[in-house]
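A.B. asks: Before I ask anything, let me first share the structure, which is written out below as structure tokens.
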Amino acid sequence: MLVSNLSRYAYPELVDQPLRAKWSRLSSFAEIRWTNPREAISLVCDKTAQRWHQCALLGLLAHEMSHPCVSTSRRAEERTDLDAIERGLGVYLAAERITTGRYRDQVVGRGRDRYLGYQTVREYLTQHETKQLDRLLDLLKIVPSSYGVSLTETIHDTAIGGDCQAHVGGYVFQGVTILPGSSVKLLVREDSVALYIDEKLVAKTHIDSQD
Ligand SMILES: [Zn+2]
């Protein structure tokens, strides 16, 4: 219901698209897959998000639904976040970032992409949206704080577009197949990122060799 309401009010280009959404156990908070050209979209959310406040869940869904609408390999996570904000969903995105412990931007690939943190999302909000966000945080009894929040290597989300391009936690991997239900892990080192699917190393990206 949340997904169909979101399409109706904020993603008109997705209204007539077959979009399946379901809950499952994932190694990230969410996973979205779409075909190229965009025909079928499948969205899966991890069951941990069932316990979130609905506003935070809406923020997660907004980020995911923006992925196929933005469909770019460069700075995909940042553009996806900005797209959700432009559609008037920034308040929800801010609530999601607080819930997932992302107070500050989560920079990936030495600054090549980033997930906007709560602080930055807030800067993009209109005055009216900022007031709405403050009212929401008041209601949830949340005081946003950068203290005590450690940015773990938890993968925020996985977006898999039509041309075998996978964005895993903001890192781009070409030509990898990630079957639904696989366990996905990233090993982020100073100069490389390794992608493990079902405990097997399937791809390694050298950060310096990316263009
Ligand atoms: Zn994403």
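FYI, nothing fancy with the structure tokens labels: chains A, B, ... in order, residues from 1 per chain, ligands from 1 as they appear.
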Among segment 39-185 of chain A, which ones does DSSP place in helix (DSSP H, G or I), written as a ChimeraX atom specification?

C.D. replies: /A:47-51,54-70,76-99,118-124,127-140

A.B. asks: Would you mind listing what lies within 9 Å of His167 of chain A as number ranges by chain, with only C-alpha atoms counted and same-chain residues fewer than 2 positions away left out?

C.D. replies: A: 73, 76-77, 157-161, 165, 169-174

A.B. asks: If you keep N, CA and C atoms, can you produce a file of those selected residues as an mmCIF file, in the first residue's frame?

C.D. replies:
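Written out: part-v1.cif:
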data_model
loop_
_atom_site.group_PDB
_atom_site.id
_atom_site.type_symbol
_atom_site.label_atom_id
_atom_site.label_comp_id
_atom_site.auth_asym_id
_atom_site.auth_seq_id
_atom_site.Cartn_x
_atom_site.Cartn_y
_atom_site.Cartn_z
ATOM 1 N N SER A 73 25.131 5.497 -13.615
ATOM 2 C CA SER A 73 26.158 4.782 -12.869
ATOM 3 C C SER A 73 27.016 5.756 -12.064
ATOM 4 N N ALA A 76 25.476 7.479 -8.328
ATOM 5 C CA ALA A 76 24.098 6.976 -8.336
ATOM 6 C C ALA A 76 23.384 7.178 -7.004
ATOM 7 N N GLU A 77 24.078 6.909 -5.884
ATOM 8 C CA GLU A 77 23.395 7.010 -4.589
ATOM 9 C C GLU A 77 23.052 8.463 -4.263
ATOM 10 N N ASP A 157 21.874 -0.364 0.662
ATOM 11 C CA ASP A 157 20.955 -1.011 -0.271
ATOM 12 C C ASP A 157 21.687 -1.488 -1.507
ATOM 13 N N THR A 158 21.005 -2.315 -2.277
ATOM 14 C CA THR A 158 21.547 -2.849 -3.520
ATOM 15 C C THR A 158 20.589 -2.500 -4.638
ATOM 16 N N ALA A 159 21.134 -1.939 -5.718
ATOM 17 C CA ALA A 159 20.290 -1.602 -6.872
ATOM 18 C C ALA A 159 20.864 -2.283 -8.089
ATOM 19 N N ILE A 160 20.028 -3.092 -8.741
ATOM 20 C CA ILE A 160 20.514 -3.866 -9.878
ATOM 21 C C ILE A 160 19.728 -3.467 -11.118
ATOM 22 N N GLY A 161 20.414 -2.791 -12.037
ATOM 23 C CA GLY A 161 19.765 -2.310 -13.254
ATOM 24 C C GLY A 161 19.814 -3.347 -14.341
ATOM 25 N N GLN A 165 24.562 -4.256 -14.207
ATOM 26 C CA GLN A 165 25.313 -3.339 -13.380
ATOM 27 C C GLN A 165 24.696 -3.341 -11.990
ATOM 28 N N GLY A 169 25.786 -0.977 -1.929
ATOM 29 C CA GLY A 169 26.236 -0.015 -0.911
ATOM 30 C C GLY A 169 26.976 1.168 -1.508
ATOM 31 N N GLY A 170 26.628 1.536 -2.740
ATOM 32 C CA GLY A 170 27.260 2.695 -3.373
ATOM 33 C C GLY A 170 28.443 2.344 -4.258
ATOM 34 N N TYR A 171 28.890 1.091 -4.245
ATOM 35 C CA TYR A 171 29.993 0.671 -5.105
ATOM 36 C C TYR A 171 29.427 -0.011 -6.349
ATOM 37 N N VAL A 172 30.042 0.286 -7.506
ATOM 38 C CA VAL A 172 29.514 -0.232 -8.767
ATOM 39 C C VAL A 172 30.296 -1.474 -9.196
ATOM 40 N N PHE A 173 29.575 -2.531 -9.520
ATOM 41 C CA PHE A 173 30.199 -3.763 -10.024
ATOM 42 C C PHE A 173 29.548 -4.107 -11.355
ATOM 43 N N GLN A 174 30.377 -4.337 -12.372
ATOM 44 C CA GLN A 174 29.849 -4.672 -13.702
ATOM 45 C C GLN A 174 29.825 -6.180 -13.879
#

A.B. asks: Show me, as a count of residues only, the residues that have an atom within 12 Å of Pro68 of chain A when counting only C-alpha atoms, minus same-chain residues fewer than 2 positions from it.

C.D. replies: 39

A.B. asks: Can you tell me how far atom CA of Cys45 of chain A sits from atom CA of Trp23 of chain A, in Å to one decimal?

C.D. replies: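 Taking atom CA of Cys45 of chain A as the start and atom CA of Trp23 of chain A as the end point, the length is 5.0 Å.
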
A.B. asks: Between A:Leu89, A:Gln106, A:Gln54, A:Ser27, which one has atoms that come closest to Ala10 of chain A, using only C-alpha atoms?

C.D. replies: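 Of A:Leu89, A:Gln106, A:Gln54, A:Ser27, the one nearest Ala10 of chain A, counting only C-alpha atoms, is A:Leu89.
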